[in-house]
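The next block is model.txt, given as compact mmCIF, C-alpha atoms.
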# COMPACT_ATOMS: atom_id res chain seq x y z
CA MET A 1 107.93 94.20 124.36
CA LYS A 2 105.50 91.53 123.26
CA PHE A 3 104.20 91.11 119.72
CA ILE A 4 101.54 88.82 118.27
CA ILE A 5 102.25 87.73 114.69
CA ALA A 6 99.80 86.09 112.28
CA GLY A 7 101.60 84.58 109.33
CA GLY A 8 104.88 84.60 111.23
CA THR A 9 106.19 81.38 109.71
CA GLY A 10 106.13 82.74 106.15
CA PHE A 11 108.78 84.29 103.94
CA ILE A 12 108.67 87.77 105.48
CA GLY A 13 107.63 86.58 108.92
CA GLN A 14 110.81 84.56 109.41
CA LYS A 15 113.01 87.60 108.77
CA LEU A 16 110.84 89.71 111.05
CA MET A 17 111.06 87.18 113.87
CA ASP A 18 114.86 87.12 113.60
CA ILE A 19 115.00 90.88 114.09
CA LEU A 20 112.50 91.00 116.93
CA ILE A 21 114.24 88.17 118.78
CA SER A 22 117.65 89.82 118.31
CA GLU A 23 116.19 92.96 119.90
CA GLY A 24 115.00 90.95 122.91
CA HIS A 25 111.26 91.04 122.26
CA GLU A 26 108.77 88.30 123.15
CA ILE A 27 106.80 86.80 120.25
CA VAL A 28 103.53 84.90 120.03
CA ILE A 29 102.89 83.18 116.69
CA LEU A 30 99.28 82.46 115.75
CA SER A 31 99.25 79.23 113.76
CA ARG A 32 96.93 76.45 112.68
CA LYS A 33 99.75 74.01 113.42
CA PRO A 34 101.58 75.25 116.51
CA LYS A 35 105.19 74.15 116.99
CA GLN A 36 107.06 73.56 120.22
CA ASN A 37 107.52 76.77 122.16
CA GLY A 38 110.99 78.27 122.37
CA GLU A 39 112.61 80.61 124.87
CA LYS A 40 111.32 83.76 123.16
CA ILE A 41 108.61 82.31 120.89
CA LYS A 42 105.24 80.93 121.91
CA TYR A 43 102.90 79.26 119.41
CA VAL A 44 99.14 79.58 119.86
CA LYS A 45 96.50 77.81 117.78
CA TRP A 46 94.00 79.93 115.86
CA LEU A 47 91.48 79.73 113.02
CA GLU A 48 90.28 76.38 114.33
CA GLU A 49 86.85 75.72 115.82
CA SER A 50 88.22 74.93 119.26
CA ALA A 51 90.81 77.72 119.31
CA ALA A 52 90.49 80.65 121.71
CA PRO A 53 93.82 82.47 121.36
CA GLU A 54 92.60 85.48 123.34
CA ASN A 55 92.72 83.26 126.45
CA GLU A 56 96.42 82.46 125.93
CA ILE A 57 97.82 85.72 124.61
CA GLY A 58 97.47 87.91 127.66
CA SER A 59 98.59 91.49 127.08
CA ALA A 60 100.47 92.55 123.95
CA ASP A 61 102.16 95.71 122.75
CA GLY A 62 101.42 95.14 119.09
CA PHE A 63 99.81 92.86 116.52
CA ILE A 64 101.37 92.12 113.12
CA ASN A 65 99.18 90.61 110.41
CA LEU A 66 101.06 88.85 107.59
CA ALA A 67 98.50 86.08 107.11
CA GLY A 68 96.99 85.12 103.77
CA VAL A 69 97.34 82.73 100.85
CA SER A 70 100.35 83.76 98.72
CA ILE A 71 99.55 85.59 95.47
CA ASN A 72 102.64 83.96 93.93
CA ASP A 73 101.44 80.36 94.22
CA GLY A 74 99.53 78.85 91.30
CA ARG A 75 97.43 80.40 88.54
CA TRP A 76 94.80 82.96 89.44
CA THR A 77 91.80 80.80 88.75
CA LEU A 78 88.49 82.01 90.17
CA GLU A 79 88.89 79.47 92.98
CA HIS A 80 92.41 80.63 93.80
CA GLN A 81 91.35 84.28 93.72
CA LYS A 82 88.62 83.45 96.21
CA GLN A 83 91.20 81.74 98.46
CA ILE A 84 93.51 84.77 98.27
CA TYR A 85 90.69 87.16 99.13
CA ASP A 86 88.92 85.06 101.76
CA SER A 87 92.12 84.12 103.59
CA ARG A 88 92.92 87.80 104.14
CA MET A 89 89.42 88.79 105.17
CA THR A 90 89.06 85.80 107.51
CA ALA A 91 92.46 86.24 109.19
CA THR A 92 92.00 89.99 109.64
CA GLY A 93 88.48 89.51 110.97
CA GLU A 94 89.72 86.99 113.51
CA LEU A 95 92.52 89.31 114.62
CA ILE A 96 89.96 92.06 115.14
CA ARG A 97 87.81 89.68 117.22
CA ILE A 98 90.82 88.69 119.34
CA ILE A 99 91.87 92.30 119.94
CA GLU A 100 88.34 93.32 120.87
CA ALA A 101 88.24 90.44 123.37
CA LEU A 102 91.44 91.52 125.12
CA PRO A 103 90.90 93.63 128.25
CA GLU A 104 94.11 95.56 127.49
CA LYS A 105 94.42 96.68 123.87
CA PRO A 106 97.71 96.80 121.90
CA SER A 107 99.02 100.19 120.85
CA VAL A 108 99.61 99.29 117.19
CA LEU A 109 98.39 96.97 114.44
CA ILE A 110 100.72 96.43 111.49
CA ASN A 111 98.75 95.01 108.57
CA ALA A 112 100.38 93.65 105.41
CA SER A 113 99.22 95.18 102.14
CA ALA A 114 100.52 95.63 98.58
CA ILE A 115 101.35 98.29 96.00
CA GLY A 116 98.98 96.41 93.71
CA ILE A 117 96.35 98.81 94.97
CA TYR A 118 97.77 101.43 92.56
CA PRO A 119 96.88 101.36 88.85
CA ALA A 120 99.52 100.11 86.42
CA SER A 121 101.21 103.05 84.72
CA LEU A 122 104.38 103.89 82.78
CA ASP A 123 104.27 107.58 83.73
CA THR A 124 102.61 108.13 87.11
CA VAL A 125 104.68 108.17 90.29
CA TYR A 126 102.69 106.88 93.27
CA THR A 127 103.14 107.86 96.91
CA GLU A 128 101.05 107.23 100.00
CA ALA A 129 99.14 110.43 99.20
CA THR A 130 97.73 108.81 96.05
CA VAL A 131 93.99 108.18 96.36
CA GLU A 132 93.43 106.55 92.96
CA ILE A 133 93.13 102.77 93.08
CA ALA A 134 93.12 100.20 90.30
CA ASN A 135 90.02 98.34 89.19
CA ASP A 136 91.23 94.77 89.21
CA PHE A 137 91.25 91.72 91.46
CA LEU A 138 94.43 92.53 93.38
CA ALA A 139 93.55 96.17 93.98
CA ARG A 140 90.05 95.29 95.22
CA THR A 141 91.54 92.69 97.55
CA VAL A 142 94.08 95.15 98.95
CA HIS A 143 91.47 97.90 99.37
CA ASP A 144 89.01 95.67 101.23
CA TRP A 145 91.84 94.24 103.35
CA GLU A 146 92.97 97.69 104.43
CA MET A 147 89.44 98.89 105.12
CA LYS A 148 88.78 95.91 107.35
CA ALA A 149 91.96 96.45 109.36
CA ALA A 150 91.25 100.20 109.61
CA THR A 151 88.33 99.50 111.96
CA MET A 152 90.93 99.13 114.72
CA GLU A 153 91.41 102.89 114.67
CA THR A 154 88.00 103.18 116.32
CA HIS A 155 89.55 101.46 119.36
CA GLY A 156 92.37 103.99 119.43
CA ILE A 157 94.84 101.50 117.97
CA ARG A 158 97.37 103.01 115.55
CA THR A 159 96.95 101.04 112.33
CA VAL A 160 99.58 100.84 109.59
CA PHE A 161 99.16 99.32 106.12
CA MET A 162 102.53 98.12 104.86
CA ARG A 163 102.15 98.16 101.07
CA PHE A 164 104.84 95.72 99.97
CA GLY A 165 106.40 96.03 96.54
CA VAL A 166 108.08 93.16 94.67
CA VAL A 167 109.88 91.50 97.59
CA LEU A 168 113.25 89.98 96.74
CA GLY A 169 114.76 87.16 98.78
CA ARG A 170 116.58 83.86 98.47
CA GLU A 171 113.92 81.63 100.00
CA GLY A 172 110.81 83.11 98.44
CA GLY A 173 109.22 86.02 96.66
CA ALA A 174 109.73 86.82 92.99
CA LEU A 175 113.52 86.60 92.66
CA PRO A 176 114.10 82.82 92.39
CA LEU A 177 111.77 82.56 89.37
CA MET A 178 113.07 85.77 87.80
CA ALA A 179 116.70 84.67 88.17
CA LEU A 180 116.18 81.08 86.97
CA PRO A 181 116.20 81.84 83.19
CA TYR A 182 119.47 83.75 83.60
CA LYS A 183 121.05 80.86 85.45
CA MET A 184 120.05 78.70 82.46
CA PHE A 185 121.54 81.26 80.02
CA VAL A 186 118.12 82.14 78.54
CA GLY A 187 117.36 85.31 80.49
CA GLY A 188 115.88 88.36 78.81
CA THR A 189 113.28 91.09 78.92
CA MET A 190 109.76 90.08 79.96
CA GLY A 191 107.01 91.82 78.03
CA SER A 192 107.74 95.32 76.73
CA GLY A 193 110.48 95.91 79.30
CA LYS A 194 109.08 99.40 79.88
CA GLN A 195 106.97 98.42 82.89
CA TRP A 196 108.18 99.53 86.32
CA VAL A 197 109.42 97.12 88.99
CA SER A 198 109.12 98.67 92.45
CA TRP A 199 111.23 96.13 94.30
CA VAL A 200 112.52 95.80 97.87
CA HIS A 201 114.94 93.48 99.68
CA VAL A 202 113.14 91.21 102.17
CA LEU A 203 115.44 92.31 104.99
CA ASP A 204 114.45 95.93 104.40
CA VAL A 205 110.81 94.82 104.52
CA ALA A 206 111.28 93.30 107.97
CA ARG A 207 113.25 96.36 109.11
CA ALA A 208 110.55 98.68 107.79
CA ILE A 209 107.95 96.84 109.89
CA THR A 210 109.97 97.27 113.09
CA PHE A 211 110.62 100.91 112.10
CA ALA A 212 106.87 101.55 111.78
CA ILE A 213 106.22 99.85 115.11
CA GLY A 214 108.64 102.17 116.86
CA ASN A 215 107.54 105.38 115.15
CA ASP A 216 104.30 106.78 116.55
CA ASN A 217 104.10 109.30 113.69
CA ILE A 218 103.46 106.54 111.16
CA ARG A 219 99.92 105.36 110.52
CA GLY A 220 97.84 104.51 107.47
CA PRO A 221 99.51 103.52 104.16
CA VAL A 222 103.28 102.96 104.00
CA ASN A 223 104.90 102.03 100.69
CA VAL A 224 107.53 99.38 101.38
CA THR A 225 109.67 99.65 98.25
CA SER A 226 113.24 100.67 97.62
CA PRO A 227 113.89 104.32 96.73
CA SER A 228 115.19 103.25 93.30
CA PRO A 229 112.56 101.36 91.24
CA MET A 230 113.64 100.20 87.78
CA LYS A 231 112.15 99.45 84.39
CA MET A 232 111.82 95.69 83.75
CA LYS A 233 114.41 95.74 80.97
CA ASP A 234 117.03 97.32 83.26
CA PHE A 235 115.96 95.04 86.11
CA GLY A 236 116.71 91.98 83.94
CA LYS A 237 120.00 93.39 82.73
CA THR A 238 121.08 93.88 86.33
CA ILE A 239 120.27 90.25 87.18
CA GLY A 240 122.32 89.14 84.19
CA SER A 241 125.22 91.38 85.17
CA VAL A 242 125.32 90.17 88.78
CA LEU A 243 125.10 86.52 87.66
CA HIS A 244 127.52 87.08 84.75
CA ARG A 245 124.91 85.78 82.34
CA PRO A 246 123.63 87.18 79.04
CA HIS A 247 120.44 89.20 78.75
CA TRP A 248 119.22 88.37 75.30
CA PHE A 249 116.22 86.01 75.20
CA PRO A 250 113.03 88.12 75.25
CA VAL A 251 109.80 86.68 76.63
CA PRO A 252 106.83 88.23 74.78
CA SER A 253 103.70 89.26 76.63
CA PHE A 254 101.50 86.66 74.97
CA ALA A 255 103.79 83.87 76.22
CA MET A 256 103.62 85.15 79.80
CA LYS A 257 99.83 85.40 79.60
CA TRP A 258 99.63 81.86 78.24
CA VAL A 259 101.80 80.49 81.04
CA LEU A 260 100.52 82.56 83.96
CA GLY A 261 97.06 83.67 82.90
CA GLN A 262 95.71 86.69 84.78
CA LYS A 263 98.63 86.52 87.22
CA SER A 264 100.93 87.62 84.37
CA ALA A 265 99.93 91.18 85.31
CA LEU A 266 102.41 90.92 88.20
CA VAL A 267 105.33 90.99 85.73
CA LEU A 268 103.81 92.55 82.60
CA GLU A 269 102.37 95.56 84.39
CA GLY A 270 103.88 97.67 87.11
CA GLN A 271 103.79 100.82 89.17
CA HIS A 272 106.44 103.45 89.88
CA VAL A 273 106.12 103.64 93.66
CA LYS A 274 108.10 105.80 96.07
CA PRO A 275 108.43 105.03 99.83
CA GLN A 276 107.73 108.62 100.79
CA VAL A 277 106.59 107.96 104.37
CA LEU A 278 109.65 105.87 105.18
CA MET A 279 112.03 108.41 103.65
CA ILE A 280 110.41 111.42 105.35
CA ASN A 281 110.69 109.67 108.71
CA GLY A 282 114.36 108.84 108.21
CA PHE A 283 114.31 105.14 107.39
CA ASP A 284 117.74 103.95 106.24
CA PHE A 285 117.61 101.28 103.54
CA LEU A 286 120.31 98.62 103.79
CA PHE A 287 119.84 97.89 100.09
CA PRO A 288 118.85 101.12 98.29
CA THR A 289 120.00 99.94 94.85
CA LEU A 290 119.09 96.81 92.92
CA GLU A 291 122.71 95.86 92.35
CA SER A 292 123.47 95.91 96.08
CA ALA A 293 120.36 93.81 96.79
CA LEU A 294 121.13 91.23 94.09
CA ARG A 295 124.77 90.95 95.08
CA ASP A 296 123.59 90.05 98.58
CA LEU A 297 120.88 87.63 97.47
CA LEU A 298 122.50 85.94 94.46
CA LYS A 299 126.04 85.56 95.77
Take the structure I supplied and represent it as structure tokens, if you would.
Amino acid sequence: MKFIIAGGTGFIGQKLMDILISEGHEIVILSRKPKQNGEKIKYVKWLEESAAPENEIGSADGFINLAGVSINDGRWTLEHQKQIYDSRMTATGELIRIIEALPEKPSVLINASAIGIYPASLDTVYTEATVEIANDFLARTVHDWEMKAATMETHGIRTVFMRFGVVLGREGGALPLMALPYKMFVGGTMGSGKQWVSWVHVLDVARAITFAIGNDNIRGPVNVTSPSPMKMKDFGKTIGSVLHRPHWFPVPSFAMKWVLGQKSALVLEGQHVKPQVLMINGFDFLFPTLESALRDLLK
């Protein structure tokens, strides 16, 4: 099969490409800076004035949209928030234009999303059936992103919104920064410690994407989180245990807000999210517990 990936060179995209290639699929990566083509990977320029990727893609079985400025990079200034929002709207809009220009339409569009669409809560458990959304920058971005991608359903294209939780990996995501204080023997609870961390191993993220591609029953929102979310205090203790480091140096909320500004909400607030769609459809997590994930990533 042939898949078109936007954002394929990023943290999650690299893991996804490894899986797709190992399964024998053909991949086209949409990129502003195309690299040299490989045996199974073709790079096509996009989001440039002279680019016309629809003329080079040909037919495709599916599109995967992982494109967008990272929410983890830099403070959430008004300018950076605009970059985060606009990058997602622009990339998704261009993918829609490309798909509409193709004479033969793909059968599925996998669109990245985030559990940040749900309101922060200490008590509520969120599933894909939840209709309540938060009233903040990240939730509005996620909502508008999903609504834009959902227009592909009018073309008969099965559209899936992969709502990623806190993705853990060696090369990116939240874990390197979260583990650093422990490696320096100053790790401890961030904020109250009562906030939920709905985490997921990056390899399970990539596997969940391929699972959704191959399962015609899956469409709409899909929570991509492990089945065992944890409170922040327990999350930190587990990092310390795996690294054989103490968990004793608390980081108060005001300090996190001073350092990170509005982005501090990513660690000071949280949601208890369950991957109900994945579990109902029989997805098998390689790393269902935090300890198993950290022992793989921090070894």
Report as a tab-separated table the residues of range 128-216 of chain A within 10 Å of range 223-233 of chain A, each with its shortest atom pair and distance in Å (one decimal), using all atoms listed in the file, ordered by chain and increasing residue number.
residue	atom	partner	partner_atom	distance
A:Glu128	CA	A:Asn223	CA	6.5
A:Phe161	CA	A:Asn223	CA	8.4
A:Met162	CA	A:Asn223	CA	6.2
A:Arg163	CA	A:Asn223	CA	4.8
A:Phe164	CA	A:Val224	CA	4.8
A:Gly165	CA	A:Thr225	CA	5.2
A:Val166	CA	A:Thr225	CA	7.6
A:Val167	CA	A:Thr225	CA	8.2
A:Gly188	CA	A:Lys233	CA	7.8
A:Thr189	CA	A:Lys233	CA	5.2
A:Met190	CA	A:Met232	CA	7.1
A:Gly191	CA	A:Met232	CA	8.4
A:Ser192	CA	A:Lys233	CA	7.9
A:Gly193	CA	A:Lys233	CA	4.3
A:Lys194	CA	A:Lys231	CA	5.5
A:Gln195	CA	A:Lys231	CA	5.5
A:Trp196	CA	A:Lys231	CA	4.4
A:Val197	CA	A:Met230	CA	5.4
A:Ser198	CA	A:Pro229	CA	4.5
A:Trp199	CA	A:Thr225	CA	5.5
A:Val200	CA	A:Thr225	CA	4.8
A:His201	CA	A:Ser226	CA	7.7
A:Val202	CA	A:Thr225	CA	9.9
A:Asp204	CA	A:Val224	CA	8.3
A:Val205	CA	A:Val224	CA	6.4
A:Ala206	CA	A:Val224	CA	9.7
A:Ala208	CA	A:Val224	CA	7.1
A:Ile209	CA	A:Val224	CA	8.9
For the selection just defined, write its residues with C-alpha atoms to a file, as a compact mmCIF listing (two decimals), keeping the file's coordinate frame.
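Output file selection-v3.txt follows:
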# COMPACT_ATOMS: atom_id res chain seq x y z
CA GLU A 128 101.05 107.23 100.00
CA PHE A 161 99.16 99.32 106.12
CA MET A 162 102.53 98.12 104.86
CA ARG A 163 102.15 98.16 101.07
CA PHE A 164 104.84 95.72 99.97
CA GLY A 165 106.40 96.03 96.54
CA VAL A 166 108.08 93.16 94.67
CA VAL A 167 109.88 91.50 97.59
CA GLY A 188 115.88 88.36 78.81
CA THR A 189 113.28 91.09 78.92
CA MET A 190 109.76 90.08 79.96
CA GLY A 191 107.01 91.82 78.03
CA SER A 192 107.74 95.32 76.73
CA GLY A 193 110.48 95.91 79.30
CA LYS A 194 109.08 99.40 79.88
CA GLN A 195 106.97 98.42 82.89
CA TRP A 196 108.18 99.53 86.32
CA VAL A 197 109.42 97.12 88.99
CA SER A 198 109.12 98.67 92.45
CA TRP A 199 111.23 96.13 94.30
CA VAL A 200 112.52 95.80 97.87
CA HIS A 201 114.94 93.48 99.68
CA VAL A 202 113.14 91.21 102.17
CA ASP A 204 114.45 95.93 104.40
CA VAL A 205 110.81 94.82 104.52
CA ALA A 206 111.28 93.30 107.97
CA ALA A 208 110.55 98.68 107.79
CA ILE A 209 107.95 96.84 109.89
Point (109.4, 83.3, 88.0) neighbourhood (12 Å, all atoms listed in the file) written as a VMD selection string: chain A and resid 72 to 74 166 168 172 to 182 187 190 251 256 259 to 260 263 to 264 266 to 267
Neighbour residues at most 12 Å from (99.0, 108.3, 93.9) (all atoms listed in the file) as a PyMOL selection string: chain A and resi 115-121+123-134+221+223+271-276
Closest-contact table, range 184-289 of chain A side, partner range 88-109 of chain A, 10 Å, counting only C-alpha atoms, as a tab-separated table:
residue	atom	partner	partner_atom	distance
A:Ala212	CA	A:Val108	CA	9.3
A:Ile213	CA	A:Val108	CA	7.0
A:Gly214	CA	A:Val108	CA	9.5
A:Asp216	CA	A:Val108	CA	8.9
A:Arg219	CA	A:Val108	CA	9.0
Limited to C-alpha atoms, could you put the picked residues into a file as a PDB file, keeping the file's coordinate frame?
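For reference, result-v1.pdb as written:
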ATOM      1  CA  ALA A 212     106.870 101.550 111.780  1.00  0.00           C
ATOM      2  CA  ILE A 213     106.220  99.850 115.110  1.00  0.00           C
ATOM      3  CA  GLY A 214     108.640 102.170 116.860  1.00  0.00           C
ATOM      4  CA  ASP A 216     104.300 106.780 116.550  1.00  0.00           C
ATOM      5  CA  ARG A 219      99.920 105.360 110.520  1.00  0.00           C
TER       6      ARG A 219
END
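CA of Arg170 in chain A to CA of Val242 in chain A spans 14.5 Å [interatomic distance, one decimal].
Separating CA of Lys82 in chain A from CA of Val44 in chain A is a distance of 26.2 Å.
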CA of Ser292 in chain A to CA of Gly8 in chain A, straight-line distance in Å: 26.5 Å
All residues 10 Å or closer to Ile57 in chain A, only C-alpha atoms, same chain fewer than 4 positions away omitted, as a PyMOL selection string: chain A and resi 2-4+28-30+42-44+52-53+98+102
